[in-house]
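Shown next: protein.pdb, containing PDB, C-alpha atoms.
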```pdb
ATOM      1  CA  MET A 214     -71.991 170.544 -43.586
ATOM      2  CA  LYS A 215     -68.942 170.673 -41.390
ATOM      3  CA  GLU A 216     -70.626 168.342 -38.926
ATOM      4  CA  ARG A 217     -71.378 165.796 -41.660
ATOM      5  CA  VAL A 218     -67.796 165.862 -42.936
ATOM      6  CA  LEU A 219     -66.487 165.299 -39.426
ATOM      7  CA  MET A 220     -68.851 162.423 -38.790
ATOM      8  CA  SER A 221     -68.000 160.854 -42.167
ATOM      9  CA  PHE A 222     -64.338 161.130 -41.382
ATOM     10  CA  LEU A 223     -64.769 159.458 -38.046
ATOM     11  CA  LEU A 224     -66.810 156.663 -39.579
ATOM     12  CA  VAL A 225     -64.153 156.092 -42.227
ATOM     13  CA  MET A 226     -61.540 155.921 -39.497
ATOM     14  CA  VAL A 227     -63.565 153.375 -37.600
ATOM     15  CA  ILE A 228     -64.225 151.229 -40.667
ATOM     16  CA  GLY A 229     -60.641 151.534 -41.741
ATOM     17  CA  THR A 230     -59.403 149.967 -38.533
ATOM     18  CA  GLY A 231     -61.349 146.816 -39.291
ATOM     19  CA  ILE A 232     -62.658 146.846 -35.731
ATOM     20  CA  THR A 233     -66.294 147.294 -34.762
ATOM     21  CA  ALA A 234     -66.118 150.344 -32.510
ATOM     22  CA  LYS A 235     -68.642 152.587 -30.812
ATOM     23  CA  LEU A 236     -69.153 156.167 -31.900
ATOM     24  CA  TYR A 237     -70.781 158.672 -29.615
ATOM     25  CA  LYS A 238     -72.405 161.981 -30.400
ATOM     26  CA  TRP A 239     -73.330 164.629 -27.853
ATOM     27  CA  VAL A 240     -73.960 168.341 -27.577
ATOM     28  CA  ASP A 241     -72.432 170.416 -24.798
ATOM     29  CA  GLU A 242     -73.991 173.372 -22.993
ATOM     30  CA  ASN A 243     -72.655 175.739 -25.668
ATOM     31  CA  GLY A 244     -74.417 173.857 -28.431
ATOM     32  CA  LYS A 245     -71.227 172.366 -29.791
ATOM     33  CA  VAL A 246     -71.613 168.892 -31.300
ATOM     34  CA  HIS A 247     -69.010 166.294 -30.361
ATOM     35  CA  TYR A 248     -68.170 162.978 -32.023
ATOM     36  CA  SER A 249     -65.810 160.474 -30.488
ATOM     37  CA  ASP A 250     -65.336 156.778 -29.812
ATOM     38  CA  LYS A 251     -64.843 157.680 -26.144
ATOM     39  CA  VAL A 252     -66.677 160.132 -23.928
ATOM     40  CA  PRO A 253     -64.417 162.117 -21.610
ATOM     41  CA  PRO A 254     -65.489 161.743 -17.967
ATOM     42  CA  GLU A 255     -66.239 165.453 -17.685
ATOM     43  CA  HIS A 256     -68.700 165.110 -20.587
ATOM     44  CA  ASN A 257     -70.740 162.342 -18.983
ATOM     45  CA  LYS A 258     -73.029 165.079 -17.760
ATOM     46  CA  TYR A 259     -74.364 165.393 -21.319
ATOM     47  CA  ALA A 260     -76.933 163.115 -22.925
ATOM     48  CA  ARG A 261     -75.456 161.228 -25.861
ATOM     49  CA  GLU A 262     -76.230 158.852 -28.700
ATOM     50  CA  GLN A 263     -74.338 155.731 -29.642
ATOM     51  CA  MET A 264     -74.065 154.974 -33.376
ATOM     52  CA  ASN A 265     -72.904 151.992 -35.375
ATOM     53  CA  ASP A 266     -70.469 152.080 -38.299
ATOM     54  CA  GLN A 267     -73.367 153.010 -40.606
ATOM     55  CA  GLY A 268     -74.100 156.145 -38.620
ATOM     56  CA  VAL A 269     -77.356 154.708 -37.289
ATOM     57  CA  VAL A 270     -78.241 155.523 -33.678
ATOM     58  CA  THR A 271     -78.346 152.267 -31.696
ATOM     59  CA  GLU A 272     -78.756 153.633 -28.210
ATOM     60  CA  SER A 273     -79.623 156.867 -26.452
ATOM     61  CA  ILE A 274     -77.802 157.393 -23.172
ATOM     62  CA  ASN A 275     -79.059 159.847 -20.597
ATOM     63  CA  ARG A 276     -76.755 162.295 -18.951
ATOM     64  CA  ASP A 277     -75.318 161.538 -15.527
ATOM     65  CA  LEU A 278     -77.528 162.589 -12.652
ATOM     66  CA  THR A 279     -76.525 165.385 -10.316
ATOM     67  CA  PRO A 280     -75.855 164.449  -6.649
ATOM     68  CA  GLU A 281     -79.257 165.869  -5.727
ATOM     69  CA  GLU A 282     -80.952 163.877  -8.492
ATOM     70  CA  LYS A 283     -79.143 160.716  -7.389
ATOM     71  CA  LEU A 284     -80.407 161.185  -3.843
ATOM     72  CA  GLN A 285     -83.936 161.736  -5.142
ATOM     73  CA  LYS A 286     -83.638 158.691  -7.382
ATOM     74  CA  ALA A 287     -82.391 156.573  -4.488
ATOM     75  CA  ALA A 288     -85.265 157.765  -2.298
ATOM     76  CA  GLU A 289     -87.803 156.961  -5.019
ATOM     77  CA  LEU A 290     -86.246 153.524  -5.539
ATOM     78  CA  LYS A 291     -86.342 152.805  -1.802
ATOM     79  CA  GLN A 292     -89.961 153.907  -1.623
ATOM     80  CA  ALA A 293     -90.855 151.702  -4.583
ATOM     81  CA  GLN A 294     -89.086 148.733  -2.989
ATOM     82  CA  GLU A 295     -90.873 149.280   0.323
ATOM     83  CA  LEU A 296     -94.203 149.525  -1.484
ATOM     84  CA  ALA A 297     -93.473 146.306  -3.373
ATOM     85  CA  GLU A 298     -92.567 144.581  -0.107
ATOM     86  CA  GLN A 299     -95.773 145.818   1.515
ATOM     87  CA  LYS A 300     -97.829 144.534  -1.403
ATOM     88  CA  LEU A 301     -96.089 141.156  -1.186
ATOM     89  CA  LEU A 302     -96.702 140.923   2.556
ATOM     90  CA  GLU A 303    -100.330 141.914   2.082
ATOM     91  CA  ALA A 304    -100.757 139.293  -0.644
ATOM     92  CA  LYS A 305     -99.292 136.651   1.666
ATOM     93  CA  ARG A 306    -101.534 137.797   4.517
ATOM     94  CA  LEU A 307    -104.636 137.604   2.345
ATOM     95  CA  GLU A 308    -103.667 134.152   1.088
ATOM     96  CA  LYS A 309    -103.159 132.953   4.662
ATOM     97  CA  GLU A 310    -106.469 134.512   5.682
ATOM     98  CA  ARG A 311    -108.234 132.895   2.735
ATOM     99  CA  ASN A 312    -106.870 129.451   3.564
ATOM    100  CA  ALA A 313    -107.849 129.830   7.224
ATOM    101  CA  ILE A 314    -111.396 130.950   6.403
ATOM    102  CA  LEU A 315    -112.065 128.217   3.858
ATOM    103  CA  LYS A 316    -110.568 125.623   6.193
ATOM    104  CA  SER A 317    -112.689 126.768   9.146
ATOM    105  CA  TYR A 318    -116.051 127.052   7.404
ATOM    106  CA  SER A 319    -117.828 124.996   4.783
ATOM    107  CA  SER A 320    -120.817 127.283   4.218
ATOM    108  CA  GLU A 321    -122.444 130.605   5.078
ATOM    109  CA  ASP A 322    -125.050 128.776   7.142
ATOM    110  CA  GLN A 323    -122.345 127.297   9.348
ATOM    111  CA  ILE A 324    -120.980 130.750  10.188
ATOM    112  CA  ILE A 325    -124.458 132.113  10.908
ATOM    113  CA  ARG A 326    -125.271 129.098  13.075
ATOM    114  CA  LEU A 327    -122.047 129.343  15.089
ATOM    115  CA  LYS A 328    -122.633 133.042  15.631
ATOM    116  CA  GLN A 329    -126.163 132.465  16.918
ATOM    117  CA  GLU A 330    -125.057 129.608  19.182
ATOM    118  CA  ARG A 331    -122.391 131.788  20.762
ATOM    119  CA  LEU A 332    -124.789 134.716  21.192
ATOM    120  CA  ASP A 333    -127.393 132.452  22.787
ATOM    121  CA  SER A 334    -124.789 131.091  25.198
ATOM    122  CA  LEU A 335    -123.639 134.570  26.199
ATOM    123  CA  THR A 336    -127.233 135.724  26.641
ATOM    124  CA  ARG A 337    -127.958 132.783  28.971
ATOM    125  CA  ASN A 338    -124.826 133.578  30.987
ATOM    126  CA  ILE A 339    -125.942 137.178  31.380
ATOM    127  CA  GLU A 340    -129.484 136.198  32.390
ATOM    128  CA  MET A 341    -128.223 133.751  35.017
ATOM    129  CA  ALA A 342    -125.740 136.297  36.343
ATOM    130  CA  GLU A 343    -128.445 138.965  36.569
ATOM    131  CA  GLU A 344    -130.710 136.563  38.510
ATOM    132  CA  ASN A 345    -127.865 135.787  40.906
ATOM    133  CA  LEU A 346    -127.110 139.489  41.214
ATOM    134  CA  VAL A 347    -130.673 140.221  42.332
ATOM    135  CA  ILE A 348    -130.410 137.532  45.016
ATOM    136  CA  GLN A 349    -126.986 138.675  46.162
ATOM    137  CA  GLU A 350    -128.046 142.320  46.384
ATOM    138  CA  LYS A 351    -131.114 141.317  48.422
ATOM    139  CA  ASN A 352    -128.971 139.216  50.765
ATOM    140  CA  HIS A 353    -126.500 142.063  51.093
ATOM    141  CA  GLU A 354    -129.294 144.466  51.924
ATOM    142  CA  ASP A 355    -130.660 142.063  54.544
ATOM    143  CA  LEU A 356    -127.237 141.700  56.172
ATOM    144  CA  LEU A 357    -126.823 145.479  56.317
ATOM    145  CA  LYS A 358    -130.252 145.806  58.005
ATOM    146  CA  ARG A 359    -129.392 143.125  60.524
ATOM    147  CA  ALA A 360    -126.107 144.851  61.319
ATOM    148  CA  ALA A 361    -127.907 148.192  61.728
ATOM    149  CA  ASP A 362    -130.540 146.595  64.005
ATOM    150  CA  ARG A 363    -127.833 145.120  66.235
ATOM    151  CA  GLU A 364    -126.096 148.475  66.536
ATOM    152  CA  ARG A 365    -129.399 150.186  67.435
ATOM    153  CA  ASN A 366    -130.005 147.557  70.117
ATOM    154  CA  GLY A 367    -126.565 148.111  71.534
ATOM    155  CA  GLN A 368    -125.257 144.787  70.341
ATOM    156  CA  VAL A 369    -121.766 144.334  68.974
ATOM    157  CA  VAL A 370    -121.536 143.411  65.285
ATOM    158  CA  SER A 371    -118.952 140.636  65.100
ATOM    159  CA  GLN A 372    -115.988 140.716  62.750
ATOM    160  CA  ALA A 373    -117.216 137.481  61.183
ATOM    161  CA  PHE A 374    -120.553 139.143  60.397
ATOM    162  CA  LEU A 375    -118.822 142.172  58.893
ATOM    163  CA  ALA A 376    -116.543 139.894  56.870
ATOM    164  CA  GLN A 377    -119.638 138.135  55.530
ATOM    165  CA  ILE A 378    -121.018 141.484  54.395
ATOM    166  CA  ASP A 379    -117.730 142.410  52.713
ATOM    167  CA  LYS A 380    -117.478 139.053  50.973
ATOM    168  CA  LEU A 381    -121.002 139.356  49.644
ATOM    169  CA  LYS A 382    -120.216 142.864  48.418
ATOM    170  CA  GLU A 383    -117.180 141.523  46.531
ATOM    171  CA  GLN A 384    -119.363 138.843  44.935
ATOM    172  CA  ILE A 385    -121.832 141.512  43.824
ATOM    173  CA  GLU A 386    -119.047 143.570  42.218
ATOM    174  CA  TYR A 387    -117.685 140.468  40.539
ATOM    175  CA  GLN A 388    -121.132 139.602  39.194
ATOM    176  CA  LYS A 389    -121.599 143.118  37.814
ATOM    177  CA  GLN A 390    -118.203 142.975  36.087
ATOM    178  CA  PHE A 391    -119.009 139.526  34.713
ATOM    179  CA  ILE A 392    -122.236 140.850  33.186
ATOM    180  CA  ALA A 393    -120.450 143.872  31.705
ATOM    181  CA  ASP A 394    -117.725 141.639  30.209
ATOM    182  CA  LYS A 395    -120.273 139.298  28.640
ATOM    183  CA  LYS A 396    -122.116 142.216  27.075
ATOM    184  CA  VAL A 397    -118.842 143.403  25.554
ATOM    185  CA  GLU A 398    -118.225 139.856  24.347
ATOM    186  CA  ILE A 399    -121.592 139.879  22.592
ATOM    187  CA  GLY A 400    -120.493 142.879  20.550
ATOM    188  CA  GLU A 401    -117.118 141.280  19.813
ATOM    189  CA  THR A 402    -118.812 138.037  18.762
ATOM    190  CA  MET A 403    -121.111 139.841  16.347
ATOM    191  CA  THR A 404    -118.168 141.750  14.864
ATOM    192  CA  LYS A 405    -116.091 138.584  14.574
ATOM    193  CA  TYR A 406    -118.663 136.409  12.823
ATOM    194  CA  ASP A 407    -119.955 139.221  10.621
ATOM    195  CA  GLY A 408    -116.364 139.756   9.507
ATOM    196  CA  GLU A 409    -115.818 136.021   8.967
ATOM    197  CA  LEU A 410    -118.996 135.847   6.914
ATOM    198  CA  ALA A 411    -117.931 138.794   4.752
ATOM    199  CA  LYS A 412    -114.508 137.207   4.172
ATOM    200  CA  TYR A 413    -116.049 133.827   3.337
ATOM    201  CA  ARG A 414    -118.346 135.432   0.783
ATOM    202  CA  LYS A 415    -115.427 137.366  -0.718
ATOM    203  CA  TYR A 416    -113.166 134.351  -1.088
ATOM    204  CA  MET A 417    -116.001 132.199  -2.409
ATOM    205  CA  GLY A 418    -117.003 134.910  -4.896
ATOM    206  CA  ILE A 419    -120.465 135.223  -3.399
ATOM    207  CA  ASP A 420    -122.348 138.488  -3.917
ATOM    208  CA  SER A 421    -123.145 139.933  -0.499
ATOM    209  CA  GLU A 422    -126.019 142.001  -1.846
TER     210      GLU A 422
END
```

Represent the structure of the file as structure tokens.
Amino acid sequence: MKERVLMSFLLVMVIGTGITAKLYKWVDENGKVHYSDKVPPEHNKYAREQMNDQGVVTESINRDLTPEEKLQKAAELKQAQELAEQKLLEAKRLEKERNAILKSYSSEDQIIRLKQERLDSLTRNIEMAEENLVIQEKNHEDLLKRAADRERNGQVVSQAFLAQIDKLKEQIEYQKQFIADKKVEIGETMTKYDGELAKYRKYMGIDSE
């Protein structure tokens, strides 16, 4: 009853001034209800309601946050902003990827054909390198035998002959590395074109099943 009388009095005062003013209501930690057209700074820590001159609540205002809550709020806001930025960057990346895929390929068959052509080329390179490797290893073995025969016969093995053996050995090692690299490239090629095909189907809305 006392609360209603006080509120009515305040409303009459507001109306009587002829000025549209704000009226706030809040409850402190002791349960005491306050009405005023201004909220003291030390009472900003309480949640409050703003009312019009008819006593109708027009806005609910939350209490001020504690320093700890402000820090938490700032951290959450920063995290949300970073997440939004990441989503935007990812959307841009996907759009760029989509444009590149659709610009590079006109059909699934084209991707499959290019993949097979590249695999066939790599396979031929490996086969040729393996054939050369067999020949080089045989030549290297023959040179080593000739050098051993000369030593057994008391002949001097010339530096030029030894250099020829070393050079052939280097060629063999190069050929082995070439074969190994091409085999790795086969795996990379399969991964690349399988991925391109999956992306093409996704962006074209084609069921991969």

Written as a list in words, which residues does the PyMOL selection byres ((chain A and resi 395-405) around 9) give for the file shown?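 Expected selection for the PyMOL selection byres ((chain A and resi 395-405) around 9) here is Lys328, Gln329, Arg331, Leu332, Leu335, Thr336, Asn338, Ile339, Gln390, Phe391, Ile392, Ala393, Asp394, Tyr406, Asp407, Gly408, Glu409 and Leu410 of chain A.
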
Given the choices A:Glu321, A:Glu344, A:Lys358, A:Ser249, which gets closest to Asp420 of chain A if the distance is worked out from all atoms listed in the file?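 Once distances to Asp420 of chain A are computed over all atoms listed in the file, the minimum belongs to A:Glu321.
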
Using only C-alpha atoms and a cutoff of 6 Å, can you tell me which residues are near (-122.7, 143.2, 52.7) in the file's coordinates, and write them out as a PyMOL selection string? chain A and resi 353+356-357+378-379+381-382

Between atom CA of Asn243 of chain A and atom CA of Gln285 of chain A, what is the spacing in Å?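 We find that atom CA of Gln285 of chain A and atom CA of Asn243 of chain A lie 27.3 Å from each other.
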
So what does the PyMOL selection byres ((chain A and resi 242) around 12) actually pick up in this one, as a ChimeraX atom specification? /A:239-241,243-247,256,258-260

Point-to-point distance from atom CA of Ile314 of chain A to atom CA of Tyr413 of chain A, Å rounded to tenths: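 A separation of 6.3 Å between them.
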